[in-house]
Structure formats: structure tokens, C-alpha cells
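Read through the structure below, which is laid out as C-alpha cells, and then see the notes.
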Amino acid sequence: MGRYLKYVALAAMVAVLPLRADAQTRDITGKVTQTGSGISMPDVTVSVVGQQIGTRTNERGEYRLRVPTGEIVIQARQLGYKRLTKRLAPNETTADFVLEKDVLQLEGVTVTGQATTTDRKVAATAVATVSAAELTRVPARSVEGNLAGKVAGARIFDNSGAPGGGGQVQIRGATSVLGQGDPLYVVDGVIISNAGTSSGASAISRASGSTGSSQDQVVNRLADLNPNDIENIEVLKSAAASAIYGSRATNGVVVITTKKGSSGQTRFNVTQRAGTQQLMRSLGHRQYATLNDVLPFTGGPVGEAAARAACTPNCTNYDWQGQLYGRTDPSWETLVSASGGVNNTRFFASLSDRQESGIMINTGARRTGGRINIDQSIGSKLTVSMGLDVTRNFFQRGLGNNNNAGVSPTYTFGYTPAVIDLQARGADGRYVRMPFDGGGTGTANPFEVLNDITSNETVFRQAGNVRVGYTALSTARHSVQLSMLNGVDRYQQEGVQYSPNYLQFEPADGFLGTAGQNNVSSLQTNTGVNAVWTWTPATSLITSFTTSVGGSYERQAQSVYRIRGRGLLPTRRTAAGAADIATEDTRTEFRDQSYYVNEQMLLLDEKLALNAGLRADRSSANGDRATFYVFPKYSASYRFVKPLTDKIDEFKIRGAIGQSGNRPRYGDRDILYADGGIIGGQGSLVSAGLLGNTQIKPEVMNELEFGFDASFFGSRIGLEMTRYQRTIKDLLLTFPLPPSSGLGNQIINGGQLSVLGSEAVLSLVPIRRGSFEWTSRILFNANAQFVNNIPVPSFPVPGSFGAAYGRNRIVANTRSTYIWGNAPFGANGAVRDTILFDSNPVHTTTFNNDFAWKRFTFSFLADWRNGGYVSNMTNNLWDEGGQARDYDNVAPASILPGSRPCGTQTLGECRYATFNGGDVRPYMQKGSYVKLREVTLNYQAPDSWASKIPGGKSLRFNLSGRNLALWTDYWSFDPEFNNFGNTNFNRFIDLAPFPSSRQFFFSVDVGF
Amino acid sequence: MTTSDSLSGATRSLMTRTPLRTIGALTFASLSLAACSKDALNITNPNTPSVAGASADPQALQLLATGLLRQNRNSLGGFITETARFGREAYVYTPQEGRNTSAYLIGLSGQNKLDNAGFAVGSWGGPYGNLRDVFNFKNSVAASTLSAEQKRAALGFAKTIEGIELLTVIATRDTIGAVVQINQDATDIAAFVSRDSTYKYILNTLDEANTDLGAGGAAFPFALHSGFAGFNTPTTFRQFNRAIAARAAAYYATSGGGATAWQRSLTALGASFLNATATSAAQLNVGVYHPYAAAPDVSNPVNATTNTDLYAHVSVDADAPLKADGTKDNRYLAKIIARPTRNAPQGLGIPSSLGFGLYPSISTPLPIIRNEELILLRAEGLLATGDKAGAISLINAIRVNSGGLAPSTLTAASTDAAILTELLLQKRYSLMLEGKRWIDMRRYGRLADLPRDITSGVNAHFVARVQPIPQAECLQRVGKTGALAGPGC
């Protein structure tokens, strides 16, 4: 680079000498810094090429390495930077490295099997890796928030703005109608649960069911993971990449690796963050001038009297949302980590405490946890690694989404004119009652509800892994590694609900007071055995052959116990003795076995890579538990180095074809009786309406992927393009039986879905001048999703509100993402359930930009979603209740071209009247937006500042914000949100959610 | 992993044993997994009983038998409230839901037709659900270790239930016909058969049941609920079976069965628990009932306490016979209560302020069949077979003992039609809200006599003749021909 770099003399030797120092060695010392800024780089791996000797740099970028005498080649590498090698003569003892940012992500390795990886440059499938630095640039509520906008091909959306997280990751479109739709998450080889199980808010909100439902702002359990412990995340997208995970892999696999310790003196890192948050956008509220304006919305004499008092002579308009969602209390996060190694033991340990305040009164979340990862070498051949993660995660998410009790604030506000002060208290010291009709079956003052109810979720989670590795053979040409891995992931979730009996809405169901206790316990274990034989003839024809075989046994068990009581004695918070009790007690368990064999060939001077593999799975979920279902994969890539012109550094073409599966749901295979209920004091058995299928088998996805990776102008520009086509057959469906058979439906395999899509990543270094560098990454993602055929009559996807509100339908030869709903059709205008819009965005494109100048770095990430319609039921509620901010605006001639004429109606009146006439289109709104998801400004203080802190060695300041701006024409809070949480389809129902918030953080990071 | 840039400095030379060690290692890996037998995958579902597992339980037969009664009871409320609306006995005036009126009394606009995807498609899925259970029950019994006698008793019980369920189906579908066959493979669609064949199948099944019960020994191998008190041994259960057969034969007689069927009805009545000389309410009420109770059991679906949407048709007041003192019939006084005036929303109906008090509490049992109906069935049979005097005598007995009325002025010289009119009036008040009125009026071709509250305009009422075959059934028969197509679709 030719820039002057100031090297600090090596003052202290930090590396601990190897235990078995032998006479034939010497020490190499040096320092690793970044290009441009010259800032020292901690945690860089420095190793002797071709030997098992290595260390990591300390927080000042320094290292010491004991190496054999003679000429050696040493290498410095860190994910996110280009690796650098140096040849050292026998008499050389220092080697400094200046690492350049790997903007094009050419470095690194990618997962190819249970125990194998390959260099990214020869990878034959599209790779998506996110490093720690990129991941945690701006704090997020949970890991999926950290990932959003960083993985080409994955659509990552928040489900609501409630504290603590909860979001959906969908990779390359929906692959199933009824089966699992989430990716598989693997942390350090342990398959972890991402289940989202209600903590029972429906007991209070009565959204659905008596004890809990998917509309309860459910948190998916990825939220328990501390993103700061993560070293990198790799997302396996195509079937050829994910086939190694067999019958749970159609939705992709997210492979998470946590940080490991490195040899050397123990280094501590402390990060303290303080932050705040504010409502991103308010829905506004219709403004009232005089009593006559309010009278139509009073809902009876009580409301009328209240309105009369409030609006004489003129109404005062209150900002209820501003008051209820106006909490800016500080949020805190403290992170402490230690990493080091002595002799043959290396460790990484961390403690974290994250306290998030919610914008809604009385809401928040707190995650407290610790992790320890230990690597132990025993002799030269045996290594044992262990990891343990313990977390307590607490959520107080208030109430949001659908409700039928008048307690979901955004729901209730939509029906009630904001002309009284709901925060006022009456003579009895209690909040004033809501005098107006709240739209549902009950009415409540949301301020009182949110203050006085309890709706908590507490999760205790423990995850651990033990890996034993044995080098059975290690020669210049051959190596055989055996390994065995055991993983366990366990959590206990407790949901506590309590609504005191004096609350205004409580009498609506005939019982005063509601109490709910919800316990979920989950245990997952997995065991794997792998053998990897690498043959490295190191000829120009054959670089290497890697053959691996292995198998695994996995188990996932979950039990849910809930009790809900209504009709409580005053102050009693338990369901015992309640007048009306409902319970749920269900257990599920899966057990899976698998075997695999995998062959990886690197040929022609590493230009040609060929891979093939087979995985065979059987599962307790399949009808036939003895049969193995086999999933093959094949992939190949070829690299052209400097083809045609020197301007093209490298051009790689790649193609892959693979198969993966999605196993049936629990119980699909079982032919069951139903509980017929009691008669005359006797229990009974009757046929279940849903007939299981003893032949049920996994859904199977076949995917063809091809693309190219190219880099130009000395790695200043990189382009990755990928095209994929996936077809999913043997879908899990319910086949309707004739009612005269006495049964309702049968579970069957059949039909086919397909997805056709493109992904592109453009990486650029537009400016690199002196210490200033601007790097940019643009991720593009578009797909089209289809139903090719189904062996059953077309049906609406379960989990929605029906044709009057719009939902996806599974109809042969149609896009599966089309929203069907009621609209006038044809000349006579008869209302029909018909295709209205597409819920699938035309594309999602993300702009990532990093600017580095001296010790400052500034980054932002902007997400652009183009298209994708949303069923805006929030707007619908606010129009029905007459409270929409634009209700009184002048209406166009008709809301949509050709829809019902508005005549003299106002905008809100006309929208609702059009809807009421059987036309849902006024509430089908385009969900396009540009969102500034992440902004961060970082200052790496000079070491002289750091040394002013006792023991301090490095110091960094950071100012960052998440979701700072949203540009959209969308009417409600955020078009990303979904009332039903994570769903395969119907992921576009906006119904009075917890609003989104801007989050700001300031953090100080000190290394010791 | 290291690849081409690996240096061989410190590594040893290639060992000749390499292939052996490699194979050894791979074998180790494979063997260590062999411990995972497929038995580890054999786990059972703890949430719901499996058919295979529960059938092996000693309690299974009892639970399945109770299941047949529970399922039968499930359909009863819907059957009563639907037929009561068609037969102008009752309204269901839900405050927010006009379709509980319009779907029964108005139908699809301009077509006077019930919507087969709408509300009025009951008495189909419920009865067939239970017929599936009857089918399974028969198979369980056949495969069980019960004695021959016990098997006959159990079969007699199941076939009687089968007859009751099919009678519900054909009584609501009439000329459309019904499906009488349950196939082991539920995807194997069964054919529709005619009304005539359905009745023959029902009567035949009930007769078989009677024979089986006769050979069924002294006791059932399971207990029947309290509603069967007095009819809970094979011998006494036969009286119940014959009562159902008498009803089925009478229905058949007016639906093409003719004189032979009337004879079968009278014969069956002779073997039933008919007590023609009953005078007290208790004697008239002897019969078989379904009990109800508070949760975890369920409430009587038409009880006066919680079902406050159920209103009596306004004509029940004007049409009530008067006692000698000018006051209303005792049955009216006992069964009809006052309710706050209510109407269907949006002017779909007319206001009513009458409710039903005959099932006062949530735990009042509902009759399956009782003596009062048997007396009236015999009157029907006698009238149809030319014994006018016998018929009038029974009609008068009901008038006096049940209604507190004076005997009618009918004589053997009265016309059959006049006697039938009086008989149907007595049936209407004696068997009010027991699911008889609409069916009786259709059987005797008198649906046109039922009152229509609104006779003109978009909300004009009509009288449905049959309930439609549900759309879900028709959709399964799209593309099928002949009897599989479904005549009502």
C-alpha cells in the first residue's frame, strides 16, 4: 500500500511459552494492524503454514509464536480481512502484518458437511457468512434483528415492535404450507430450538383460544442467544448446501459459531452501553372540535355524558399514543468477556446483561447470561472442546395485536375519540374508566390495563456441547480425524398472566379477574459421530480428496402445560379455585437418526472443485419409522484466474443440485381417537375428525442453483450472482374426506410448490485514498413463488381471518403469495373471493456502507423493500371506529378505480363503506419501504487514552441507532409486522401491533 | 484446512499402514452409530389415545359404547333447533347474526333455496361421524374376546344407534336419499341410495338389532347412562329398539312404505314400551333420554336458562287449544314462557316474546323417544289402517291427560283429514321442540299449512322441504357419475 505505518515497539511479551519447549525453536514476535488507519488488530490468528502451530494477537495486535528453526511461512488471518503470508528466513524473528479489509469476502471457509469445510474461494454453492463485527455493529433485540439485511436470499422481518425481539427468517421463499417454515439453527454443532410458544396473553386479550394463541406477540427462542458471543454466522441456503442436515433442511440452515479462546495472557473486554428509544411513527388520531363531532362515537349515555363534559365548550384532543408509547427510560447493556489460554487449555468466557425498556408503559425485556467455551488439547492427537451457555430471558411485552376484550391499546384507540384524559384518576384513586365503546366485546382504559395487568415471560435456558476430536492419522499426504459431538439445549419458559378483577373489561365475560400460568419445557439433544479422511497428494492435478462419513441421533421434546382461571377472588393471582378453569397439557417428541457420506475433491491447481454427498434420515415423525429417506447433493465450481484481461482478477462459475427434506409434523402419522367428552359422568372415545396417515413421509425439495462469483480491478469490485429453482413435492396437506364417511380430513403427501429466484451481491470499494476508505455492499433478492399442483381442492392457508380480510390461497398453477380476498367481480359486481395483490415483494435490496477515516468508522444499512401488499387491519379498525387520522379528509371519486363511488362520504367513511360492501381492497396496502436499519459511528481511541484507565489496553466509543427512519406510504406502524408471528404464508396481517421504535445506543468498550 | 500450501517440514513420511488405519477409522464411525436401533424411534403419542393402543385397553368397549351415545347426543340440539325453525315452532334470534333466521326461513335471494354452504346443513356430518363410530364399534366387538352372547348384545346396541342416526339423516333429506354405507377406507366414496332403500335399510338394521338383543343374554358388556334407566338390559333395550322401529316404520309408511310399513309400525309398537293407558305426566314421559350436566359435561342445548336466543314461533300462542274454562292447554302453559321481545336483525323476522320453558335447566334431559310419542304413533297407525275409533280414542286420551282438554268432537264419522288435523295438532303440542313438527307436516303433505311470517318483499319467508346435502359432500363428488354423484348436489 505504500503508506507509512507506525509500529509500536514490542514492550511486553504476552504469549505464554509452550509447555514442551524444545531446543530446536525460536520465537517470532510482531504486530498486526489495519491498512489505512493503522489501528492494531486483536484476535488475529497467526500460524505457521502447514503446521499445527498458531496463536492469536492480543488487544494491541501483538503476538509471539514459538516456531521450529529453519525457514518457515507464517500467515495472519481474520474473518473479514484478507489473509497475508510471509516467508521468514531462519534468522528472522519479527514479522509485522498489515491486513486489508476483505470487502469482497473472498476469504474464509464455508461449511460443507457435519465435520468438513472448504475455502470460500472454491465453494460451489452461494455462501452467506456474517462476521461478528458485521453482526453486532448495532445492537438488536435478537439475532435475527442483527442478521436483517446482511444475507442475500433471506428475508428477515420483525413480527412486532415489542421489546425482547421475535422475528422471522425466511430463506428463498416458503417451502411448505403446513410443515415447518423456519430454518434450522445450529450453534457450535448443537441444534437449538427456535420454537415460538405463547406465554398465554390470550387469557387476557381473548384473541383466540382460552389459554394461548399465535397472536400473543410470541417470542421465538432465538431471542435467548447473546449476539455478542457469536464469532460468525453462516447461512446455508440451497438444498445442495443444506442437504447435510437432511430432513429438516428445506428452509435452510443457520450455522452459528461462537467465539473461542486463544493462547496467551487472559484478555478482558468490557462494554457498557446506554440507550433510549422512542416511538418511530404514531398513527395519529382524528381531531375533534365540538361535541357534535364526537357524539356519533360515544357508544351510549355514559360516553355521551363524558363527551359532553369534555367538549363543552370545545374539545381538547389528547395524544394517547404519545402518552402510552412515550416511554424513553434508559436501556442498558453490560458485556464482559475474557479470553485466553494456558498450556493446552484455551477458553472464552462472557457475561452479559441486557435491559431494554419498551416504549409502552410497563414493558421491557432483560436478558442475562453467561457462556464459557473451553478447548483442551490432550497430547498431540486428542482435543476436547466444551461449551456452556446459561441464560435468563425475561419479557414484559404488554398487550398488542388482535384482541376481543378491549385491552389491546392500538385496537381500543381506534374506536374511541381521544377527547378525555385517560391518565386521570378518579376519586377512588383508580384510573378513569373508558366511557366510549372499545369496539370489541369489552371496553377498557389501556393505561389502566397496562399498568395493572401482569403479562410476563421468563425463560431459563441452558445449552451445552462437548466435542472430542482425535487425529487418528496425520502425515504429509493423509490425515484422518475422528470426532464425536454431544449437544444439549434445554429451556423452561414460564408465562404468568394476571388481570385484576376490578378492571373495566373484566365483567364482559361474566367472570371477574383472569389468571394464567403457562409452562413450556423443551429439551433437545443431538449426538454425532464423524470420520474425515483427507488425502492431499498435492499434485497439480489433484490437490485434495476429502472423504467423510458419519451419523447422528437427535431428539427434541417439548411439553406445554397451561392453566387459565377466570372469576377470581380479589387479589388472588392463581387459577386455583377460579369459577371457570381451562387447561392445556400437551407433549411432543421427535427422534431422528441419520447417516451420511460426503466426498469433496479439489482438482487442477484448486481450480476445479467437485462435491457429492448422500444423507439418509429416518424419523419418529414419519409414517414408516424404519425406512431411511435419502437426500443426495452434487455441486461443482471452476475458477478462471485472470481470464481475458488483467482487470478481471478471478471468475468462478458454480452449479449445484441437491435435495433436502422437511419431516412431517408431530402426530401426523398417528391414527387417533378423539376424546368424545363426558356423558352421564362417563368418558368416551370417538373417531378423530382428522385422520392420520401411516404412510406419511417428509416433504422433498429439489433445488438447482447456479451462478458466478467474480472480482475485478484488484479486488475493488466483486460481484456474486445466483439463480435458483426449487421445487417442493410431497407436500404435507390435509385432504378433505366426504362428510358421509364420518371423518373430516386426512393428512396426505402430495402436490408441488416451486420458487424461482435470484440473488446478487455487489461489493465495491468506491474510494480508497490515504486513510479514507469507503466500502459498499449491495444485496439484491427477488423470487417468485408458485403452487404447481395440489391433489386437493384449493384452500385458504390456515391461520388468517378469512376472505373478508384477505389471505393466501393454495390454488394450482398460481402464485402461492397472491392475496385472495373479497372484491366485486365482473359486470354485475357480485362479491367474489379473488386474487387481489401479491404479498411477495418485487425485490428486497439492502445498501451497506462503511466509511473509515483514521480512527473513525461510520456505517449505515438501509433496507429497501419494493412491493409486497399488507392486509392493514389496523387501518380497518380505525376506520370502523371512526378514529383514523385521515378520516375527515376529502375522498376521491372512489377509493380504487372502479370501486364503489364515494359520493359525499369522507375518506375514512368511504374506505370502510367500500370494505363493508364486500371489497377488502381499501385495506390492502402496498408495503414498500426504505428503512434505515442501522447507523453507527465508531471511534477507536489511541492506546495512550486507553492506558489512562488502570489496566486498560484498548478503548473504543460508539454511537449507534437502529430503525432510525422509515420512508413509506404505508398507513400503519410498520409493514413488516405480522399479527400471527412466524408463518409460512399469510405473513402480512397488520392488526393493532405493538408499534415500532427507534433505538439509540452509546457504548464504551474497554479492553484489559 | 490446509491444502496446496502445506509444507512437509515436520511431518513424517507416509506410512504404509495408511489404508488400513483409514478403513479402521471409518469402521469405527459406522459401528458407533449401529447402537442407534430403530426401536429408539418407536415412541407413542401421549396426548390423544391411538386407535391401536386404546382398543387394547380393557375399558375400550365401555368408552366406545359411551362414545356412540355421546355422539348421538351431540347432534340432537342442532337437529331440534333446525327442524323447529323449518317447522315454525321456534326462532333462533341471535342479536348480531341474522343468518340464523335468513338461512332457514328466507334462503338464497330469489331462489327459495337453502344454501348448501351455509348454516342449514346440519344433521349430516354429526350422524355420519357417529355411523363411522358404529362401524368401528362393530369391528371392535367382532375382534374382542367377549362371549357370543355379549357380542350379540353389543351388536344389537350398535345397530339400534345406527338406525337412529340414519333415521335423522333421511328424515331431514327425504327424497334426496342418503348414504348408508361406511367404508373402511374413508377416501372410498360411498354411493347415495334412494329414500326407499334407506328406510328399508334402517328397518332391516333395527330388526337385526332386535334379533341380536334377543340372543344377547341378561346384560350388556358395558353400562348405559342414566337416561336408559329401565332400558339398560338387552331385554328391556329391545323395547326401546322397537319404539325406534315403530317411528321409522311410520315415517317410511308416509314416504312410500304404505300399508305394510304401517303394519310394521303397529307391530313394533306392540313390542315397545308403549303404555296406551298412561294418564299421568310421569307415565307419558316414560322413555329414553340423554342426560346433561354442568361442565365438564355439556348443557342442554335448548334449555331455558342459558339459551336465551331461542324463541317460540308466534303462532304457538294463537293455535293453542283452550281448556273447558277458556284457559290455554296445559302443555302450552307448561312449555311456553315469556321472554323480552326480540326480533332478528335487519327485519329478517317478526318480533316474538315467547320462549320455551320445557327444559328449564342446563341439566334437564332431552328425550330420544317417550311414551307420549308412542301413543300418538299408534294413533297414526290406527288411522292409516282404518281404525278411526281407535285413533280418536288415543287422541282424546292425549287431549285429556296431557293437555287438560275436553275430548275432541271427532267421531268415527269424521273424515280422515279432520282426524289427522287433530292428531297433528296434538303431536305439535305434545311433542313440542322434540324435532317432530316439520317432519310430520312434510310426511302428510301439509308444509303449505305452515305459517310464513313475511310473505312479500326481499325478506319473504318460505318453507324448506328438505335440508340440502352439504357443499363439502358435493365437492367430493365432483366428476362422479350415477349414484356416486349425489342426487342432491
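Labels used: A, B, ... for chains in the order of the C-alpha cells, numbers from 1 for residues in each chain, and numbers from 1 for ligands as shown.
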
**Prompt:** So which residues of region 219-281 of chain B fall under helix (DSSP H, G or I) by DSSP, listed as a PyMOL selection string?
**Reply:** chain B and resi 226-228+234-271+281

**Message:** What parts of region 8-116 of chain A does DSSP call strand (DSSP E)? I'd like the answer as a PyMOL selection string.
**Reply:** chain A and resi 25-34+45-48+54-56+62-68+72-77+84-88+97-99+109-111

Give me the residues within 10 Å of Ile53 (chain A) as a PDB file with N, CA and C atoms, in the first residue's frame, counting only C-alpha atoms and dropping any in the same chain fewer than 4 places off.
```pdb
ATOM      1  N   VAL A  46      -2.459 -16.025  13.991  1.00  0.00           N
ATOM      2  CA  VAL A  46      -1.149 -16.073  13.335  1.00  0.00           C
ATOM      3  C   VAL A  46      -0.664 -17.510  13.453  1.00  0.00           C
ATOM      4  N   SER A  47      -0.359 -18.118  12.319  1.00  0.00           N
ATOM      5  CA  SER A  47       0.003 -19.526  12.377  1.00  0.00           C
ATOM      6  C   SER A  47       1.101 -19.838  11.384  1.00  0.00           C
ATOM      7  N   VAL A  48       1.743 -20.965  11.626  1.00  0.00           N
ATOM      8  CA  VAL A  48       2.765 -21.449  10.709  1.00  0.00           C
ATOM      9  C   VAL A  48       2.059 -22.302   9.667  1.00  0.00           C
ATOM     10  N   VAL A  49       2.225 -21.944   8.436  1.00  0.00           N
ATOM     11  CA  VAL A  49       1.525 -22.650   7.372  1.00  0.00           C
ATOM     12  C   VAL A  49       1.996 -24.097   7.319  1.00  0.00           C
ATOM     13  N   LEU A  65       5.087 -16.157  18.814  1.00  0.00           N
ATOM     14  CA  LEU A  65       4.849 -17.511  18.323  1.00  0.00           C
ATOM     15  C   LEU A  65       6.157 -18.279  18.385  1.00  0.00           C
ATOM     16  N   ARG A  66       6.121 -19.445  19.001  1.00  0.00           N
ATOM     17  CA  ARG A  66       7.333 -20.271  19.042  1.00  0.00           C
ATOM     18  C   ARG A  66       7.300 -21.221  17.853  1.00  0.00           C
ATOM     19  N   VAL A  67       8.350 -21.137  17.049  1.00  0.00           N
ATOM     20  CA  VAL A  67       8.347 -21.913  15.803  1.00  0.00           C
ATOM     21  C   VAL A  67       9.630 -22.726  15.700  1.00  0.00           C
ATOM     22  N   PRO A  68       9.605 -23.739  14.841  1.00  0.00           N
ATOM     23  CA  PRO A  68      10.828 -24.526  14.647  1.00  0.00           C
ATOM     24  C   PRO A  68      11.891 -23.676  13.948  1.00  0.00           C
ATOM     25  N   ILE A  74       4.732 -17.896   7.695  1.00  0.00           N
ATOM     26  CA  ILE A  74       3.671 -17.658   8.671  1.00  0.00           C
ATOM     27  C   ILE A  74       2.574 -16.812   8.038  1.00  0.00           C
TER      28      ILE A  74
END
```

**Prompt:** Skipping near chain neighbours, those fewer than 3 positions away, what residues fall within 8 Å of Glu89 (chain B) using only C-alpha atoms, listed as a PyMOL selection string?
**Reply:** chain B and resi 84-86+312-313+316+432-433+437

Can you write just those residues out, C-alpha atoms, as a tab-separated table (two decimals), in the first residue's frame?
```tsv
chain	number	residue	atom	x	y	z
B	84	ALA	CA	-88.04	-26.34	14.74
B	85	ARG	CA	-87.26	-23.35	12.53
B	86	PHE	CA	-88.28	-25.13	9.33
B	312	ALA	CA	-91.15	-19.74	20.20
B	313	HIS	CA	-92.94	-19.12	16.94
B	316	VAL	CA	-97.94	-21.29	19.11
B	432	MET	CA	-93.13	-29.57	21.10
B	433	LEU	CA	-89.42	-28.94	20.49
B	437	ARG	CA	-93.39	-30.89	13.64
```

**Request:** Can you work out which one of B:Leu41, B:Gly217, B:Ile244, B:Gly256 has the shortest atom-to-atom distance to Ala271 (chain B), counting only C-alpha atoms?
**Result:**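 Closest candidate: B:Ile244.
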
**Message:** So, with only C-alpha atoms as the atoms that count, which of A:Asp943, A:Asp421, A:Glu71, A:Asp489 lies closest to chain B?
**Reply:** A:Glu71

Just want the 8 Å neighbourhood of Arg238 (chain B), counted on only C-alpha atoms, with same-chain residues fewer than 2 positions away dropped. Output as a compact mmCIF listing (two decimals) with N, CA and C atoms, in the first residue's frame.
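Contents of selection.txt, freshly written:
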```
# COMPACT_ATOMS: atom_id res chain seq x y z
N ASN B 210 -82.83 -56.12 16.93
CA ASN B 210 -83.82 -56.74 17.82
C ASN B 210 -83.50 -58.22 18.01
N LEU B 213 -80.36 -58.58 20.10
CA LEU B 213 -80.62 -58.29 21.51
C LEU B 213 -81.33 -59.48 22.16
N GLY B 214 -82.21 -60.14 21.37
CA GLY B 214 -82.92 -61.30 21.89
C GLY B 214 -81.97 -62.42 22.28
N PHE B 231 -84.19 -49.44 30.66
CA PHE B 231 -83.98 -50.00 29.32
C PHE B 231 -82.52 -50.41 29.13
N PRO B 234 -80.33 -56.10 27.68
CA PRO B 234 -80.73 -56.43 26.31
C PRO B 234 -82.24 -56.61 26.19
N THR B 235 -82.87 -57.22 27.17
CA THR B 235 -84.30 -57.47 27.11
C THR B 235 -85.09 -56.17 27.11
N THR B 236 -84.78 -55.29 28.04
CA THR B 236 -85.53 -54.04 28.12
C THR B 236 -85.12 -53.07 27.01
N PHE B 240 -86.96 -50.37 23.66
CA PHE B 240 -86.51 -49.09 23.09
C PHE B 240 -86.29 -49.26 21.59
N ASN B 241 -85.61 -50.35 21.23
CA ASN B 241 -85.36 -50.63 19.81
C ASN B 241 -86.66 -50.67 19.03
N ARG B 242 -87.66 -51.31 19.59
CA ARG B 242 -88.95 -51.44 18.87
C ARG B 242 -89.65 -50.08 18.77
N ALA B 271 -94.37 -54.38 20.65
CA ALA B 271 -93.23 -54.92 21.39
C ALA B 271 -92.44 -53.82 22.09
N SER B 272 -92.90 -52.57 21.96
CA SER B 272 -92.17 -51.46 22.58
C SER B 272 -92.69 -51.23 23.99
```

**Message:** Can you pull out the residues contacting Ser928 (chain A)? Cut-off 7 Å, using only C-alpha atoms, and skip same-chain residues under 6 positions away; I want them as a list in words.
**Reply:** Arg865, Asn866, Gly867, Gly868 and Thr968 of chain A

**Message:** As an exercise, work out the distance from CA of Ala992 (chain A) to CA of Thr904 (chain A) in Å and give it to one decimal place.
**Reply:** 28.8 Å

**Item:** Pick from A:Gly829, A:Pro227, A:Gly565, A:Gly744, whichever lies nearest to chain B using only C-alpha atoms
**Value:**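 Ranked by minimum distance to chain B, first place goes to A:Gly744.
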
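When only C-alpha atoms are used to measure the gap to chain B, the shortest distance among A:Met701, A:Ala405, A:Ala508, A:Ala674 belongs to A:Ala674.
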
**Message:** Can you tell me which residues surround Phe847 (chain A) at a distance of at most 8 Å, considering only C-alpha atoms, apart from same-chain residues fewer than 2 positions away, and format the answer as a PyMOL selection string?
**Reply:** chain A and resi 776-779+845+849+860-863

Same residues, N, CA and C atoms, output as a short mmCIF file (atom, residue, chain, number, x, y, z; two decimals), in the first residue's frame:
```cif
data_model
loop_
_atom_site.label_atom_id
_atom_site.label_comp_id
_atom_site.auth_asym_id
_atom_site.auth_seq_id
_atom_site.Cartn_x
_atom_site.Cartn_y
_atom_site.Cartn_z
N SER A 776 -18.71 -0.57 0.14
CA SER A 776 -20.14 -0.64 -0.04
C SER A 776 -20.53 -2.06 -0.46
N ARG A 777 -21.65 -2.51 0.07
CA ARG A 777 -22.17 -3.82 -0.33
C ARG A 777 -23.65 -3.69 -0.60
N ILE A 778 -24.06 -4.17 -1.73
CA ILE A 778 -25.48 -4.10 -2.09
C ILE A 778 -25.98 -5.53 -2.27
N LEU A 779 -27.01 -5.85 -1.54
CA LEU A 779 -27.58 -7.19 -1.62
C LEU A 779 -28.93 -7.10 -2.30
N THR A 845 -33.77 -5.06 -1.40
CA THR A 845 -32.40 -4.67 -1.70
C THR A 845 -31.85 -3.94 -0.49
N ASN A 849 -23.05 0.42 3.81
CA ASN A 849 -21.93 1.29 3.51
C ASN A 849 -21.07 1.50 4.73
N PHE A 860 -23.73 2.57 7.69
CA PHE A 860 -25.19 2.52 7.75
C PHE A 860 -25.71 1.40 6.86
N LEU A 861 -26.86 0.92 7.22
CA LEU A 861 -27.50 -0.14 6.47
C LEU A 861 -28.93 0.31 6.18
N ALA A 862 -29.26 0.40 4.91
CA ALA A 862 -30.61 0.80 4.53
C ALA A 862 -31.26 -0.35 3.75
N ASP A 863 -32.48 -0.67 4.12
CA ASP A 863 -33.20 -1.78 3.52
C ASP A 863 -34.30 -1.21 2.64
#
```

**Prompt:** Using only C-alpha atoms, which residue out of A:Lys259, A:Arg367, A:Arg206, A:Arg618 lies closest to chain B?
**Reply:**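 Result for the nearest residue to chain B: A:Arg618.
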